[in-house]
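Chemist: I'd like to ask you about the structure that follows.
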Amino acid sequence: MSIEERIRERSRKEALLAVLLDPANLTRDQARQITSQAERGGADLIFVCGSVGAAFGLNDTILGAKEGSDLPVILFPGNVDGVSPYADAILFMSLLNSSNPYWIIQAQALAAPVVRRLGIEVMPTAYLVVEPGHTSAAGWVGWVNPIPRKKPEIALAYAMAAELLGMRWVYLEAGSGAEEPVPVEMVAAVRAKTGLGMIVGGGLRSPDQVEERVRAGADIVVVGTHIEEGGNVEEKVRSLKERTSRA
Ligand code: 1GP
C-alpha cells in the first residue's frame, strides 16, 4: 500500500499530525533528536521543507529523521532542489495562486525528470497560500497573490480547479509562523465541496486550533514553528495529537 493510501485510510478515523523540519536550521543530529521525540509524542509524518537555504542540509535532515524514527518522511519542496532520493514520498506541488508561472508549472517541469528517475512516490498537490501567508518566506519567494481570509469561496474555487485537473491533495497554507492559521470556514468549505485530501498548516500552535481544523475536515495538520521554538517536543506533539481524533 502506498503512503498516500495509508494516509487516506488513517485519516478516516483521525487527522495525521506532520512535524515540519527545515534543513536550513538543523543538523543531522538535531533532526534525529526531534523526530525521535516527535514519534514518542505520537506524530504521524515528517515533512521536510524550506523556502530559503534548505537544499544544502536536505539529505542530512532526512537521514537524521530516518535515524530518529520510523515515520514516513515526505518532501514538501521549496524549489527544484527540494528533491532527495532518501525521502519516502513528495508533495508534487503547484503554487496555484502565484502570479509567476515558474511556481505554477516551470519548477515542476524542471523537477519532473528527477522525480521520475528517482521513482519516488508522488502526491499531486495544489498549494494555496492564504493571508497572511504572502508575508512569509514561502509567500514572498513564490510571488503569491494571497487568498483573502474572508473569501473561502476563492480557496474553494482553486481547490475545485485542482480536483478537475486531477490533483489529489490541497495544502491550505497560512505561512510559517503566521499569527493566525487558515480560517476554519475555509477548511470546511473545501471539505464540503471537494474530495481532495486536505493539508492545513501555518501558525498552528494550540490544541484548540488543531482540533477546530480537524473537525472542519483537515486530513493532515502541519506544525513547524511551534516545535522549532524549543521546549519539550514530545509533550508538545502529544498535546496536539490528542486532539486529532474524529470521534
Ligand atoms: C509552513 O505550513 C507550514 O509551510 C508550517 O507552518 O511553521 O507556522 O508551523 P508553521
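Letters A, B, ... mark the chains of the C-alpha cells in the order given; residue numbers begin at 1 per chain; ligand numbers begin at 1, in order shown.
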Would you list the residues that come within 6 Å of ligand 1? Count only C-alpha atoms and all ligand atoms and give the answer as a tab-separated table (two decimals) with all heavy atoms, in the first residue's frame.
Modeler:
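Printed below is result12.tsv as written:
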chain	number	residue	atom	x	y	z
A	173	GLU	N	-2.26	26.95	3.20
A	173	GLU	CA	-1.07	27.44	3.91
A	173	GLU	C	-1.27	28.89	4.36
A	173	GLU	O	-1.56	29.77	3.54
A	173	GLU	CB	0.12	27.38	2.93
A	173	GLU	CG	1.38	28.07	3.37
A	173	GLU	CD	2.09	27.31	4.47
A	173	GLU	OE1	2.87	26.39	4.13
A	173	GLU	OE2	1.87	27.64	5.65
A	175	GLY	N	1.22	30.35	6.01
A	175	GLY	CA	2.58	30.88	6.12
A	175	GLY	C	3.22	30.46	7.42
A	175	GLY	O	2.58	30.49	8.48
A	176	SER	N	4.48	30.07	7.33
A	176	SER	CA	5.18	29.61	8.52
A	176	SER	C	5.24	30.74	9.56
A	176	SER	O	5.60	31.87	9.24
A	176	SER	CB	6.59	29.16	8.15
A	176	SER	OG	7.19	28.56	9.26
A	177	GLY	N	4.85	30.41	10.78
A	177	GLY	CA	4.87	31.40	11.86
A	177	GLY	C	3.72	32.40	11.80
A	177	GLY	O	3.74	33.40	12.51
A	178	ALA	N	2.69	32.12	11.00
A	178	ALA	CA	1.58	33.07	10.85
A	178	ALA	C	0.92	33.35	12.21
A	178	ALA	O	0.81	32.46	13.05
A	178	ALA	CB	0.54	32.49	9.88
A	201	GLY	N	-1.68	24.02	7.25
A	201	GLY	CA	-0.52	24.41	8.04
A	201	GLY	C	-0.31	25.91	8.06
A	201	GLY	O	-0.97	26.67	7.35
A	202	GLY	N	0.62	26.29	8.92
A	202	GLY	CA	0.95	27.71	9.06
A	202	GLY	C	0.32	28.29	10.30
A	202	GLY	O	-0.91	28.43	10.38
A	203	GLY	N	1.13	28.56	11.33
A	203	GLY	CA	0.63	29.25	12.52
A	203	GLY	C	-0.13	28.38	13.51
A	203	GLY	O	-0.73	28.90	14.44
A	204	LEU	N	-0.11	27.06	13.31
A	204	LEU	CA	-0.81	26.19	14.28
A	204	LEU	C	0.06	26.00	15.51
A	204	LEU	O	1.21	25.56	15.40
A	204	LEU	CB	-1.12	24.83	13.64
A	204	LEU	CG	-2.17	24.83	12.54
A	204	LEU	CD1	-2.24	23.46	11.87
A	204	LEU	CD2	-3.54	25.22	13.09
A	222	VAL	N	-0.08	20.39	9.93
A	222	VAL	CA	1.38	20.52	9.90
A	222	VAL	C	1.82	21.53	10.94
A	222	VAL	O	1.25	22.63	11.02
A	222	VAL	CB	1.86	20.99	8.50
A	222	VAL	CG1	3.38	20.99	8.43
A	222	VAL	CG2	1.26	20.13	7.40
A	223	VAL	N	2.83	21.15	11.71
A	223	VAL	CA	3.34	22.05	12.75
A	223	VAL	C	4.86	22.15	12.63
A	223	VAL	O	5.56	21.13	12.63
A	223	VAL	CB	2.99	21.53	14.16
A	223	VAL	CG1	3.44	22.53	15.22
A	223	VAL	CG2	1.51	21.29	14.27
A	224	GLY	N	5.35	23.36	12.48
A	224	GLY	CA	6.79	23.58	12.35
A	224	GLY	C	7.33	24.53	13.41
A	224	GLY	O	8.03	24.13	14.34
A	225	THR	N	6.94	25.80	13.32
A	225	THR	CA	7.49	26.84	14.20
A	225	THR	C	7.30	26.50	15.67
A	225	THR	O	8.22	26.65	16.48
A	225	THR	CB	6.82	28.19	13.87
A	225	THR	OG1	7.03	28.45	12.48
A	225	THR	CG2	7.39	29.32	14.70
A	226	HIS	N	6.12	26.04	16.03
A	226	HIS	CA	5.81	25.73	17.43
A	226	HIS	C	6.79	24.68	17.97
A	226	HIS	O	7.19	24.74	19.14
A	226	HIS	CB	4.37	25.22	17.50
A	226	HIS	CG	3.91	24.82	18.86
A	226	HIS	ND1	3.90	25.68	19.93
A	226	HIS	CD2	3.41	23.63	19.33
A	226	HIS	CE1	3.44	25.04	20.99
A	226	HIS	NE2	3.14	23.80	20.66
Chemist: Can you pull out every residue within 8 Å of A:Thr194, counting only C-alpha atoms, but drop anything in the same chain fewer than 6 positions away, and send it as a list in words?
Modeler: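 Contacts, with the query itself left out: Ala159, Met160 and Glu163 of chain A.
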Chemist: Fewer than 6 positions away in the same chain doesn't count, so skip those; otherwise give me all residues within 12 Å of A:Glu235, counting only C-alpha atoms, as a PyMOL selection string.
Modeler: chain A and resi 34+37-43+207+226-227+241-242
Chemist: Contacts of A:Val114 at 10 Å or less, counting only C-alpha atoms, minus same-chain residues fewer than 4 places along, as a PyMOL selection string?
Modeler: chain A and resi 80-81+83-85+109-110+118-120
Chemist: Taking N, CA, C and O atoms for each residue, export the selection above as a JSON list (two decimals), in the first residue's frame.
Modeler:
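After the write, out28.json holds the following:
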[["chain", "number", "residue", "atom", "x", "y", "z"],
["A", 80, "VAL", "N", 13.16, 23.43, -7.03],
["A", 80, "VAL", "CA", 13.56, 22.20, -7.72],
["A", 80, "VAL", "C", 14.64, 21.44, -6.95],
["A", 80, "VAL", "O", 14.80, 20.23, -7.15],
["A", 81, "ASP", "N", 15.36, 22.12, -6.08],
["A", 81, "ASP", "CA", 16.41, 21.43, -5.33],
["A", 81, "ASP", "C", 15.88, 20.82, -4.02],
["A", 81, "ASP", "O", 16.66, 20.37, -3.19],
["A", 83, "VAL", "N", 14.33, 18.02, -3.87],
["A", 83, "VAL", "CA", 14.10, 16.60, -4.15],
["A", 83, "VAL", "C", 15.27, 15.79, -3.59],
["A", 83, "VAL", "O", 16.42, 16.22, -3.68],
["A", 84, "SER", "N", 14.97, 14.63, -3.01],
["A", 84, "SER", "CA", 16.02, 13.79, -2.43],
["A", 84, "SER", "C", 15.66, 12.31, -2.61],
["A", 84, "SER", "O", 14.49, 11.94, -2.48],
["A", 85, "PRO", "N", 16.66, 11.48, -2.87],
["A", 85, "PRO", "CA", 16.39, 10.04, -3.01],
["A", 85, "PRO", "C", 16.07, 9.37, -1.67],
["A", 85, "PRO", "O", 15.59, 8.23, -1.66],
["A", 109, "ALA", "N", 8.22, 21.28, -14.10],
["A", 109, "ALA", "CA", 8.78, 20.68, -15.33],
["A", 109, "ALA", "C", 10.27, 20.39, -15.14],
["A", 109, "ALA", "O", 10.76, 19.34, -15.56],
["A", 110, "LEU", "N", 10.97, 21.30, -14.50],
["A", 110, "LEU", "CA", 12.40, 21.10, -14.29],
["A", 110, "LEU", "C", 12.67, 19.94, -13.32],
["A", 110, "LEU", "O", 13.68, 19.24, -13.44],
["A", 118, "LEU", "N", 14.12, 9.06, -9.85],
["A", 118, "LEU", "CA", 14.24, 8.51, -8.50],
["A", 118, "LEU", "C", 13.14, 7.49, -8.20],
["A", 118, "LEU", "O", 13.28, 6.67, -7.30],
["A", 119, "GLY", "N", 12.03, 7.60, -8.92],
["A", 119, "GLY", "CA", 10.92, 6.66, -8.69],
["A", 119, "GLY", "C", 10.21, 6.90, -7.37],
["A", 119, "GLY", "O", 9.54, 6.03, -6.84],
["A", 120, "ILE", "N", 10.35, 8.08, -6.83],
["A", 120, "ILE", "CA", 9.76, 8.40, -5.54],
["A", 120, "ILE", "C", 8.23, 8.54, -5.65],
["A", 120, "ILE", "O", 7.73, 8.98, -6.69]]
Chemist: Do you have the atom CA of A:Arg8-atom CA of A:Ala216 distance handy?
Modeler: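 Separation between atom CA of A:Arg8 and atom CA of A:Ala216: 16.1 Å.
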Chemist: Point out the residue among A:Glu185, A:Arg6, A:Val190, A:Thr135 with the least atom-to-atom distance to A:Ala161, counting only C-alpha atoms.
Modeler: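 Among the listed residues, A:Val190 lies closest to A:Ala161.
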Chemist: From a DSSP pass on the backbone, collect the residues of stretch 63-235 of chain A flagged as strand (DSSP E) and hand them back as a VMD selection string.
Modeler: chain A and resid 73 to 75 89 to 95 121 to 129 169 to 173 197 to 201 220 to 223
Chemist: Store the residues picked out above, limited to N, CA and C atoms, as a short mmCIF file (atom, residue, chain, number, x, y, z; two decimals), in the first residue's frame.
Modeler:
data_model
loop_
_atom_site.label_atom_id
_atom_site.label_comp_id
_atom_site.auth_asym_id
_atom_site.auth_seq_id
_atom_site.Cartn_x
_atom_site.Cartn_y
_atom_site.Cartn_z
N VAL A 73 8.91 10.01 5.75
CA VAL A 73 9.44 11.35 5.50
C VAL A 73 8.94 11.81 4.13
N ILE A 74 8.22 12.92 4.15
CA ILE A 74 7.60 13.42 2.91
C ILE A 74 8.20 14.78 2.56
N LEU A 75 8.67 14.89 1.34
CA LEU A 75 9.23 16.15 0.87
C LEU A 75 8.10 17.14 0.59
N ALA A 89 8.26 9.98 0.01
CA ALA A 89 7.26 10.50 -0.93
C ALA A 89 7.49 12.00 -1.07
N ILE A 90 6.85 12.56 -2.08
CA ILE A 90 6.98 14.00 -2.30
C ILE A 90 5.60 14.60 -2.58
N LEU A 91 5.33 15.75 -1.97
CA LEU A 91 4.17 16.53 -2.39
C LEU A 91 4.61 17.21 -3.68
N PHE A 92 4.10 16.71 -4.79
CA PHE A 92 4.47 17.33 -6.08
C PHE A 92 3.49 18.48 -6.27
N MET A 93 3.98 19.69 -5.94
CA MET A 93 3.08 20.82 -5.71
C MET A 93 3.15 21.85 -6.82
N SER A 94 1.98 22.46 -7.05
CA SER A 94 1.93 23.67 -7.85
C SER A 94 1.36 24.77 -6.96
N LEU A 95 2.05 25.88 -6.92
CA LEU A 95 1.57 27.04 -6.14
C LEU A 95 0.57 27.77 -7.02
N GLU A 121 7.54 8.12 -4.60
CA GLU A 121 6.06 8.24 -4.61
C GLU A 121 5.64 9.70 -4.64
N VAL A 122 4.64 9.98 -5.48
CA VAL A 122 4.22 11.37 -5.71
C VAL A 122 2.79 11.58 -5.21
N MET A 123 2.59 12.66 -4.48
CA MET A 123 1.25 13.09 -4.08
C MET A 123 0.98 14.45 -4.74
N PRO A 124 0.21 14.45 -5.84
CA PRO A 124 -0.01 15.69 -6.58
C PRO A 124 -0.85 16.67 -5.77
N THR A 125 -0.30 17.84 -5.54
CA THR A 125 -0.86 18.75 -4.53
C THR A 125 -0.98 20.18 -5.03
N ALA A 126 -2.15 20.75 -4.83
CA ALA A 126 -2.36 22.18 -5.08
C ALA A 126 -1.95 22.93 -3.81
N TYR A 127 -1.01 23.84 -3.95
CA TYR A 127 -0.54 24.61 -2.80
C TYR A 127 -1.19 25.99 -2.88
N LEU A 128 -1.94 26.35 -1.85
CA LEU A 128 -2.67 27.62 -1.85
C LEU A 128 -2.25 28.43 -0.64
N VAL A 129 -1.78 29.63 -0.88
CA VAL A 129 -1.32 30.48 0.22
C VAL A 129 -2.38 31.52 0.54
N TRP A 169 -4.55 16.32 -3.74
CA TRP A 169 -4.37 16.98 -2.45
C TRP A 169 -4.41 18.48 -2.60
N VAL A 170 -4.85 19.13 -1.53
CA VAL A 170 -4.74 20.59 -1.47
C VAL A 170 -4.08 20.92 -0.13
N TYR A 171 -3.15 21.88 -0.18
CA TYR A 171 -2.46 22.33 1.03
C TYR A 171 -2.85 23.78 1.25
N LEU A 172 -3.63 24.02 2.31
CA LEU A 172 -4.00 25.39 2.67
C LEU A 172 -2.96 25.92 3.64
N GLU A 173 -2.26 26.95 3.20
CA GLU A 173 -1.07 27.44 3.91
C GLU A 173 -1.27 28.89 4.36
N GLY A 197 -7.76 15.23 -0.59
CA GLY A 197 -7.12 15.16 0.71
C GLY A 197 -6.68 16.58 1.07
N MET A 198 -6.82 16.94 2.34
CA MET A 198 -6.53 18.33 2.71
C MET A 198 -5.46 18.43 3.79
N ILE A 199 -4.44 19.23 3.47
CA ILE A 199 -3.35 19.50 4.41
C ILE A 199 -3.51 20.95 4.85
N VAL A 200 -3.38 21.19 6.15
CA VAL A 200 -3.52 22.56 6.67
C VAL A 200 -2.31 22.88 7.53
N GLY A 201 -1.68 24.02 7.25
CA GLY A 201 -0.52 24.41 8.04
C GLY A 201 -0.31 25.91 8.06
N ILE A 220 -4.48 16.25 7.21
CA ILE A 220 -3.13 16.36 7.79
C ILE A 220 -2.98 17.77 8.34
N VAL A 221 -2.52 17.89 9.57
CA VAL A 221 -2.17 19.21 10.11
C VAL A 221 -0.66 19.25 10.30
N VAL A 222 -0.08 20.39 9.93
CA VAL A 222 1.38 20.52 9.90
C VAL A 222 1.82 21.53 10.94
N VAL A 223 2.83 21.15 11.71
CA VAL A 223 3.34 22.05 12.75
C VAL A 223 4.86 22.15 12.63
#
Chemist: With a distance cut-off of 7 Å and only C-alpha atoms, select the neighbouring residues of stretch 13-29 of chain A, excluding the residue or stretch itself and same-chain residues fewer than 5 positions from it, and output the selection as an mmCIF file with N, CA, C and O atoms, in the first residue's frame.
Modeler:
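Dumped everything to selection.cif:
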data_model
loop_
_atom_site.group_PDB
_atom_site.id
_atom_site.type_symbol
_atom_site.label_atom_id
_atom_site.label_comp_id
_atom_site.auth_asym_id
_atom_site.auth_seq_id
_atom_site.Cartn_x
_atom_site.Cartn_y
_atom_site.Cartn_z
ATOM 1 N N ALA A 43 3.494 11.758 16.747
ATOM 2 C CA ALA A 43 3.467 12.326 15.379
ATOM 3 C C ALA A 43 3.324 11.195 14.366
ATOM 4 O O ALA A 43 3.729 10.050 14.619
ATOM 5 N N ASP A 44 2.721 11.522 13.229
ATOM 6 C CA ASP A 44 2.458 10.508 12.200
ATOM 7 C C ASP A 44 3.383 10.626 10.998
ATOM 8 O O ASP A 44 3.646 9.637 10.323
ATOM 9 N N LEU A 45 3.820 11.834 10.704
ATOM 10 C CA LEU A 45 4.586 12.076 9.481
ATOM 11 C C LEU A 45 5.664 13.121 9.757
ATOM 12 O O LEU A 45 5.503 13.976 10.633
ATOM 13 N N ILE A 46 6.724 13.070 8.961
ATOM 14 C CA ILE A 46 7.723 14.141 8.968
ATOM 15 C C ILE A 46 7.695 14.801 7.589
ATOM 16 O O ILE A 46 7.801 14.114 6.565
ATOM 17 N N PHE A 47 7.496 16.105 7.571
ATOM 18 C CA PHE A 47 7.603 16.880 6.336
ATOM 19 C C PHE A 47 8.961 17.586 6.361
ATOM 20 O O PHE A 47 9.399 18.068 7.428
ATOM 21 N N VAL A 48 9.611 17.656 5.199
ATOM 22 C CA VAL A 48 10.895 18.349 5.128
ATOM 23 C C VAL A 48 10.812 19.415 4.056
ATOM 24 O O VAL A 48 10.500 19.117 2.893
ATOM 25 N N CYS A 49 11.049 20.633 4.470
ATOM 26 C CA CYS A 49 10.953 21.725 3.510
ATOM 27 C C CYS A 49 11.625 22.982 4.024
ATOM 28 O O CYS A 49 11.930 23.114 5.206
ATOM 29 N N GLY A 50 11.831 23.907 3.123
ATOM 30 C CA GLY A 50 12.311 25.230 3.483
ATOM 31 C C GLY A 50 12.273 26.103 2.257
ATOM 32 O O GLY A 50 12.393 25.609 1.127
ATOM 33 N N GLY A 53 17.567 28.485 1.600
ATOM 34 C CA GLY A 53 18.740 27.794 2.147
ATOM 35 C C GLY A 53 18.498 26.371 2.595
ATOM 36 O O GLY A 53 19.250 25.835 3.412
ATOM 37 N N ALA A 54 17.467 25.725 2.055
ATOM 38 C CA ALA A 54 17.128 24.382 2.540
ATOM 39 C C ALA A 54 17.894 23.281 1.814
ATOM 40 O O ALA A 54 18.005 22.167 2.323
ATOM 41 N N GLY A 57 21.363 21.233 3.452
ATOM 42 C CA GLY A 57 21.253 20.220 4.504
ATOM 43 C C GLY A 57 20.133 19.216 4.300
ATOM 44 O O GLY A 57 19.828 18.432 5.197
ATOM 45 N N LEU A 58 19.539 19.213 3.109
ATOM 46 C CA LEU A 58 18.334 18.403 2.887
ATOM 47 C C LEU A 58 18.562 16.918 3.189
ATOM 48 O O LEU A 58 17.828 16.307 3.968
ATOM 49 N N ASP A 60 20.963 15.410 4.819
ATOM 50 C CA ASP A 60 21.325 15.166 6.217
ATOM 51 C C ASP A 60 20.090 15.191 7.118
ATOM 52 O O ASP A 60 19.968 14.387 8.050
ATOM 53 N N THR A 61 19.198 16.135 6.861
ATOM 54 C CA THR A 61 17.982 16.228 7.679
ATOM 55 C C THR A 61 17.135 14.977 7.518
ATOM 56 O O THR A 61 16.628 14.411 8.500
ATOM 57 N N LEU A 63 18.125 11.985 6.530
ATOM 58 C CA LEU A 63 18.822 10.829 7.113
ATOM 59 C C LEU A 63 18.742 10.870 8.641
ATOM 60 O O LEU A 63 18.537 9.844 9.292
ATOM 61 N N GLY A 64 18.858 12.061 9.205
ATOM 62 C CA GLY A 64 18.700 12.203 10.657
ATOM 63 C C GLY A 64 17.303 11.789 11.090
ATOM 64 O O GLY A 64 17.121 11.081 12.088
ATOM 65 N N VAL A 214 -9.320 20.057 12.351
ATOM 66 C CA VAL A 214 -9.583 18.633 12.120
ATOM 67 C C VAL A 214 -11.092 18.421 12.000
ATOM 68 O O VAL A 214 -11.579 17.743 11.095
ATOM 69 N N ALA A 218 -9.751 18.765 7.940
ATOM 70 C CA ALA A 218 -8.345 18.585 7.555
ATOM 71 C C ALA A 218 -7.938 17.121 7.714
ATOM 72 O O ALA A 218 -8.337 16.461 8.680
ATOM 73 N N ASP A 219 -7.157 16.608 6.771
ATOM 74 C CA ASP A 219 -6.636 15.239 6.861
ATOM 75 C C ASP A 219 -5.253 15.207 7.498
ATOM 76 O O ASP A 219 -4.883 14.235 8.145
ATOM 77 N N ILE A 220 -4.477 16.251 7.209
ATOM 78 C CA ILE A 220 -3.128 16.357 7.791
ATOM 79 C C ILE A 220 -2.976 17.774 8.341
ATOM 80 O O ILE A 220 -3.286 18.749 7.644
ATOM 81 N N VAL A 221 -2.518 17.890 9.572
ATOM 82 C CA VAL A 221 -2.174 19.208 10.111
ATOM 83 C C VAL A 221 -0.658 19.247 10.295
ATOM 84 O O VAL A 221 -0.041 18.261 10.719
ATOM 85 N N VAL A 222 -0.076 20.389 9.933
ATOM 86 C CA VAL A 222 1.379 20.517 9.897
ATOM 87 C C VAL A 222 1.823 21.535 10.941
ATOM 88 O O VAL A 222 1.254 22.627 11.025
ATOM 89 N N VAL A 223 2.827 21.151 11.714
ATOM 90 C CA VAL A 223 3.341 22.047 12.751
ATOM 91 C C VAL A 223 4.857 22.153 12.627
ATOM 92 O O VAL A 223 5.555 21.133 12.633
ATOM 93 N N GLY A 224 5.355 23.365 12.479
ATOM 94 C CA GLY A 224 6.786 23.583 12.352
ATOM 95 C C GLY A 224 7.326 24.527 13.411
ATOM 96 O O GLY A 224 8.029 24.127 14.343
ATOM 97 N N LYS A 241 -1.562 16.008 19.207
ATOM 98 C CA LYS A 241 -2.039 14.748 18.627
ATOM 99 C C LYS A 241 -3.299 14.244 19.338
ATOM 100 O O LYS A 241 -4.168 13.630 18.720
ATOM 101 N N THR A 244 -6.634 15.165 17.500
ATOM 102 C CA THR A 244 -6.804 14.923 16.060
ATOM 103 C C THR A 244 -7.829 13.834 15.755
ATOM 104 O O THR A 244 -8.037 13.497 14.591
ATOM 105 N N SER A 245 -8.478 13.311 16.777
ATOM 106 C CA SER A 245 -9.463 12.255 16.551
ATOM 107 C C SER A 245 -10.723 12.828 15.905
ATOM 108 O O SER A 245 -11.095 13.966 16.154
ATOM 109 N N ARG A 246 -11.388 12.015 15.100
ATOM 110 C CA ARG A 246 -12.661 12.460 14.504
ATOM 111 C C ARG A 246 -13.855 12.012 15.345
ATOM 112 O O ARG A 246 -14.992 12.309 15.023
#
Chemist: From the options A:Ala162, A:Val115, A:Ile7, A:Val237, which residue's atoms come nearest to A:Arg205, counting only C-alpha atoms?
Modeler: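 Smallest separation from A:Arg205 among the options: A:Val237.
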Chemist: For a quick check of understanding, using only C-alpha atoms, which of A:Arg149, A:Arg168, A:Arg191, A:Lys236 has the smallest distance to A:Gly217?
Modeler: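 Closest residue, counting only C-alpha atoms: A:Arg191.
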Chemist: Using only C-alpha atoms, which residue out of A:Val130, A:Glu229, A:Ala138, A:Glu67 lies closest to A:Ala31?
Modeler: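 Using only C-alpha atoms, the shortest distance to A:Ala31 belongs to A:Glu67.
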